[in-house]
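Each remark here refers to the structure printed beneath this line.
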Amino acid sequence: MTSFTIARRRAKNSILAVSIFMVVMLLLSACGGDPQTQQKADASKTDLDRLISQAQGIGVPTTILKPIIQQESAITNTRAPFTIFSGQPATDYYSNLTQRYQLLTVQVRGLETQVTQQYDYQAALDIQDLENALAQRQAQNFTEAKTFANQLKQYQNQLAKAQYPKDYTQISTNAKQSTLALHLLGPAYNDLVTMQGNIKQLHASHVDTTALNQQYQQGLQLFRNA
């Protein structure tokens with residue numbers, strides 16, 4: 001009789017333990033929220049990361065993307081609420097997460113368009129500056145202007161084919177360098193003219209100008225090859 005009673009107690013305890021375990025599992029399952037909603041949030045984050053990487057790859061500066069990257073990091077570091085008996089708070093949390101990731105994705109696309117347009121406009125301005133500087137040197141009959149005219153045509157063709165911020169950045173850099181070189185042609189040429197005049201005066205005064213003439217010819221050659 002005693003053995004039978006002990007067996008019944010053990011059976012009841014086992015049933016009770018299994019019941020408690022099942023209840024706990026059900027509660028934990030409910031606390032996790034809708035799995036599909038969580039998967040959608042994860043997918044939205046993946047899309048955002050891919051778009052940020054793409055924006056950086058086409059030349060959108062990281063400094064411009066930094067606020068969005070910081071916002072994403074702050075969102076990612078949050079945690080779903082832990083509640084008992086209902087998974088709705090967790091489901092709402094992941095739904096909100098999805099919306100916030102999607103909003104940041106829209107902002108990245110907007111920045112891509114904005115930066116591309118700005119860099120396109122700046123490249124066009126830099127080419128215009130080059131064109132103006134070239135026209136000035138052509139009016140002064142600089143033979144070196146032909147080289148810069150070819151560069152100008154090359155940059156204009158590149159601008160017509162450019163698509164991404166990095167393309168426009170390279171065009172701007174090249175155009176600015178050519179414009180600077182054109183501006184420097186004037187002072188360099190004036191120095192050569194001044195030197196030539198001094199040599200003539202010294203020669204008229206019966207001063208040996210052989211060394212100065214060599215320096216002048218070397219300077220002129222460097223100027224022509226610039």
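Each chain in the structure tokens gets a letter, A, B and so on, in the order shown; residues start at 1 in every chain, and ligands are counted from 1 in the order they appear.
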> How would you write, as a PyMOL selection string, the set of residues in stretch 68-190 of chain A that DSSP gives as alpha helix (DSSP H)?
Replying inline: chain A and resi 68-76+88-139+145-161+165-190
>> List the spatial neighbours of A:Ala43 as a list in words - criterion: any atom at most 12 Å away, only C-alpha atoms, same-chain residues fewer than 4 positions off excluded.
In response: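 My list of contacting residues is Gln36, Thr37, Gln38, Gln39, Asp47, Leu48, Asp49, Arg50, Tyr94, Ser95, Leu97, Thr98, Gln99, Tyr101, Gln102 and Thr105 of chain A.
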Residue subset to file, keeping N, CA and C atoms, as a short mmCIF file (atom, residue, chain, number, x, y, z; two decimals), in the first residue's frame:
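Wrote it out as out39.cif, contents follow:
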data_model
loop_
_atom_site.label_atom_id
_atom_site.label_comp_id
_atom_site.auth_asym_id
_atom_site.auth_seq_id
_atom_site.Cartn_x
_atom_site.Cartn_y
_atom_site.Cartn_z
N GLN A 36 7.52 36.34 -38.15
CA GLN A 36 7.57 36.98 -39.47
C GLN A 36 7.85 38.48 -39.35
N THR A 37 7.30 39.09 -38.31
CA THR A 37 7.55 40.52 -38.09
C THR A 37 9.02 40.76 -37.77
N GLN A 38 9.60 39.87 -36.97
CA GLN A 38 11.02 39.99 -36.65
C GLN A 38 11.88 39.78 -37.89
N GLN A 39 11.51 38.81 -38.72
CA GLN A 39 12.26 38.56 -39.95
C GLN A 39 12.19 39.76 -40.89
N ASP A 47 18.71 45.54 -45.95
CA ASP A 47 18.55 46.43 -47.10
C ASP A 47 19.22 47.78 -46.84
N LEU A 48 19.06 48.28 -45.62
CA LEU A 48 19.67 49.57 -45.27
C LEU A 48 21.19 49.48 -45.32
N ASP A 49 21.75 48.42 -44.75
CA ASP A 49 23.20 48.24 -44.76
C ASP A 49 23.73 48.15 -46.20
N ARG A 50 23.00 47.43 -47.04
CA ARG A 50 23.42 47.29 -48.44
C ARG A 50 23.40 48.64 -49.15
N TYR A 94 9.08 45.13 -33.23
CA TYR A 94 9.72 44.79 -34.50
C TYR A 94 9.07 45.52 -35.68
N SER A 95 7.77 45.77 -35.58
CA SER A 95 7.10 46.55 -36.62
C SER A 95 7.65 47.97 -36.65
N LEU A 97 10.58 48.83 -35.60
CA LEU A 97 11.96 48.70 -36.06
C LEU A 97 12.00 48.73 -37.60
N THR A 98 11.09 47.97 -38.20
CA THR A 98 11.02 47.92 -39.66
C THR A 98 10.76 49.30 -40.25
N GLN A 99 9.82 50.02 -39.66
CA GLN A 99 9.49 51.36 -40.16
C GLN A 99 10.67 52.31 -40.06
N TYR A 101 13.93 51.51 -39.96
CA TYR A 101 14.95 51.12 -40.94
C TYR A 101 14.55 51.57 -42.35
N GLN A 102 13.29 51.41 -42.67
CA GLN A 102 12.81 51.81 -43.99
C GLN A 102 12.90 53.32 -44.18
N THR A 105 16.39 54.13 -44.94
CA THR A 105 16.68 53.71 -46.31
C THR A 105 16.25 54.78 -47.31
#
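The two atoms in question, atom CA of A:Gln158 and atom CA of A:Ile171, are spaced 7.3 Å apart.
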>> Excluding A:Gln170 and its own-chain neighbours fewer than 5 positions away, which residues fall within 9 Å of it when counting only C-alpha atoms? Please give them as a ChimeraX atom specification.
In response: /A:123,165,175
Residues of the last selection are to be written out with N, CA and C atoms, as an mmCIF file, in the first residue's frame.
data_model
loop_
_atom_site.group_PDB
_atom_site.id
_atom_site.type_symbol
_atom_site.label_atom_id
_atom_site.label_comp_id
_atom_site.auth_asym_id
_atom_site.auth_seq_id
_atom_site.Cartn_x
_atom_site.Cartn_y
_atom_site.Cartn_z
ATOM 1 N N ALA A 123 30.954 70.188 -60.826
ATOM 2 C CA ALA A 123 31.852 69.811 -61.918
ATOM 3 C C ALA A 123 31.624 70.704 -63.132
ATOM 4 N N PRO A 165 28.679 60.329 -57.913
ATOM 5 C CA PRO A 165 29.439 61.409 -57.271
ATOM 6 C C PRO A 165 30.944 61.290 -57.467
ATOM 7 N N ALA A 175 39.742 69.430 -63.545
ATOM 8 C CA ALA A 175 39.456 70.750 -64.116
ATOM 9 C C ALA A 175 40.106 71.857 -63.286
#
Which residues, written as a CSV table (one decimal) with C-alpha atoms, in the first residue's frame, have at least one atom at most 10 Å from A:Ala55, with only C-alpha atoms counted and residues fewer than 3 positions away on the same chain left out?
chain,number,residue,atom,x,y,z
A,49,ASP,CA,23.2,48.2,-44.8
A,50,ARG,CA,23.4,47.3,-48.4
A,51,LEU,CA,22.3,50.7,-49.6
A,52,ILE,CA,24.7,52.5,-47.2
A,58,ILE,CA,29.6,55.5,-55.6
A,59,GLY,CA,31.3,58.3,-53.8
A,60,VAL,CA,28.8,59.7,-51.3
A,61,PRO,CA,31.1,60.9,-48.4
A,62,THR,CA,31.0,59.0,-45.2
A,65,LEU,CA,26.1,59.4,-44.2
A,108,VAL,CA,20.0,57.3,-47.9
A,109,ARG,CA,18.4,57.2,-51.4
A,111,LEU,CA,21.2,61.7,-50.1
A,112,GLU,CA,22.5,59.7,-53.1
A,113,THR,CA,20.3,61.9,-55.4
A,115,VAL,CA,24.9,64.6,-53.6
A,164,TYR,CA,28.1,58.9,-59.8
A,165,PRO,CA,29.4,61.4,-57.3
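Computed from the coordinates, the atom CA of A:Thr91 to atom CA of A:Glu72 distance equals 19.3 Å.
The gap separating atom CA of A:Ser53 from atom CA of A:Gln118 is 20.0 Å, in Å to one decimal.
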> Got a sec: who's within 9 Å of A:Ser172, counting only C-alpha atoms, leaving out chain neighbours fewer than 4 positions off, as a PyMOL selection string?
Replying inline: chain A and resi 119+122-127+155+167-168+176-177
Selection to disk with N, CA and C atoms, as a short mmCIF file (atom, residue, chain, number, x, y, z; two decimals), in the first residue's frame:
data_model
loop_
_atom_site.label_atom_id
_atom_site.label_comp_id
_atom_site.auth_asym_id
_atom_site.auth_seq_id
_atom_site.Cartn_x
_atom_site.Cartn_y
_atom_site.Cartn_z
N TYR A 119 27.28 67.47 -56.96
CA TYR A 119 28.61 67.26 -57.53
C TYR A 119 28.59 67.45 -59.05
N GLN A 122 28.71 71.19 -59.48
CA GLN A 122 30.04 71.71 -59.17
C GLN A 122 31.03 71.39 -60.28
N ALA A 123 30.95 70.19 -60.83
CA ALA A 123 31.85 69.81 -61.92
C ALA A 123 31.62 70.70 -63.13
N ALA A 124 30.36 71.02 -63.41
CA ALA A 124 30.04 71.90 -64.53
C ALA A 124 30.62 73.30 -64.30
N LEU A 125 30.55 73.79 -63.06
CA LEU A 125 31.13 75.09 -62.73
C LEU A 125 32.65 75.09 -62.90
N ASP A 126 33.29 74.01 -62.46
CA ASP A 126 34.74 73.92 -62.56
C ASP A 126 35.19 73.86 -64.02
N ILE A 127 34.42 73.19 -64.84
CA ILE A 127 34.73 73.14 -66.27
C ILE A 127 34.53 74.52 -66.90
N TYR A 155 37.36 66.61 -70.50
CA TYR A 155 36.55 66.75 -69.29
C TYR A 155 35.07 66.91 -69.63
N ASP A 167 32.51 60.12 -59.96
CA ASP A 167 32.86 60.55 -61.32
C ASP A 167 32.99 62.08 -61.38
N TYR A 168 32.01 62.76 -60.81
CA TYR A 168 32.02 64.23 -60.83
C TYR A 168 33.16 64.79 -59.99
N LYS A 176 40.07 71.72 -61.97
CA LYS A 176 40.69 72.72 -61.10
C LYS A 176 42.20 72.76 -61.29
N GLN A 177 42.81 71.60 -61.44
CA GLN A 177 44.26 71.55 -61.65
C GLN A 177 44.65 72.22 -62.96
#
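Ranking A:Leu134, A:Gln114, A:Leu152, A:Thr173 by their shortest atom-to-atom distance to A:Ile64, with only C-alpha atoms included, puts A:Gln114 first.
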> Near A:Gln154, within 12 Å and counting only C-alpha atoms, which residues show up once chain neighbours fewer than 5 positions away are dropped, as a PyMOL selection string?
Replying inline: chain A and resi 127+147-149+159-161+171+174-175+178
Write to file, as an mmCIF file, in the first residue's frame, the residues of the selection just made, with N, CA and C atoms.
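What ended up in result-v4.cif:
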data_model
loop_
_atom_site.group_PDB
_atom_site.id
_atom_site.type_symbol
_atom_site.label_atom_id
_atom_site.label_comp_id
_atom_site.auth_asym_id
_atom_site.auth_seq_id
_atom_site.Cartn_x
_atom_site.Cartn_y
_atom_site.Cartn_z
ATOM 1 N N ILE A 127 34.418 73.185 -64.840
ATOM 2 C CA ILE A 127 34.733 73.142 -66.271
ATOM 3 C C ILE A 127 34.534 74.522 -66.897
ATOM 4 N N THR A 147 47.080 72.455 -75.627
ATOM 5 C CA THR A 147 47.081 71.305 -74.714
ATOM 6 C C THR A 147 45.891 71.365 -73.769
ATOM 7 N N PHE A 148 45.629 72.549 -73.248
ATOM 8 C CA PHE A 148 44.522 72.709 -72.303
ATOM 9 C C PHE A 148 43.168 72.630 -73.010
ATOM 10 N N ALA A 149 43.139 73.006 -74.284
ATOM 11 C CA ALA A 149 41.899 72.878 -75.052
ATOM 12 C C ALA A 149 41.526 71.404 -75.199
ATOM 13 N N LEU A 159 32.092 64.523 -68.407
ATOM 14 C CA LEU A 159 30.926 65.046 -67.689
ATOM 15 C C LEU A 159 29.631 64.530 -68.306
ATOM 16 N N ALA A 160 29.604 64.425 -69.615
ATOM 17 C CA ALA A 160 28.403 63.950 -70.301
ATOM 18 C C ALA A 160 28.108 62.487 -69.977
ATOM 19 N N LYS A 161 29.151 61.722 -69.640
ATOM 20 C CA LYS A 161 28.980 60.295 -69.363
ATOM 21 C C LYS A 161 28.929 59.971 -67.868
ATOM 22 N N ILE A 171 36.321 64.669 -62.084
ATOM 23 C CA ILE A 171 36.274 65.699 -63.125
ATOM 24 C C ILE A 171 36.585 67.067 -62.523
ATOM 25 N N ASN A 174 40.365 67.389 -61.714
ATOM 26 C CA ASN A 174 41.178 67.581 -62.918
ATOM 27 C C ASN A 174 40.987 68.974 -63.509
ATOM 28 N N ALA A 175 39.742 69.430 -63.545
ATOM 29 C CA ALA A 175 39.456 70.750 -64.116
ATOM 30 C C ALA A 175 40.106 71.857 -63.286
ATOM 31 N N SER A 178 43.876 71.968 -64.010
ATOM 32 C CA SER A 178 44.162 72.580 -65.310
ATOM 33 C C SER A 178 43.952 74.092 -65.253
#
>> Can you tell me which residues surround A:Leu182 at a distance of at most 12 Å, considering only C-alpha atoms, apart from same-chain residues fewer than 4 positions away, and format the answer as a VMD selection string?
In response: chain A and resid 129 to 138 140 142 to 149 151 to 152 175 to 178 186 to 189 223 226
>> Considering only C-alpha atoms, can you say which of A:Ile68, A:Thr76, A:Leu184, A:Asn150 comes closest to A:Val106?
In response: A:Ile68
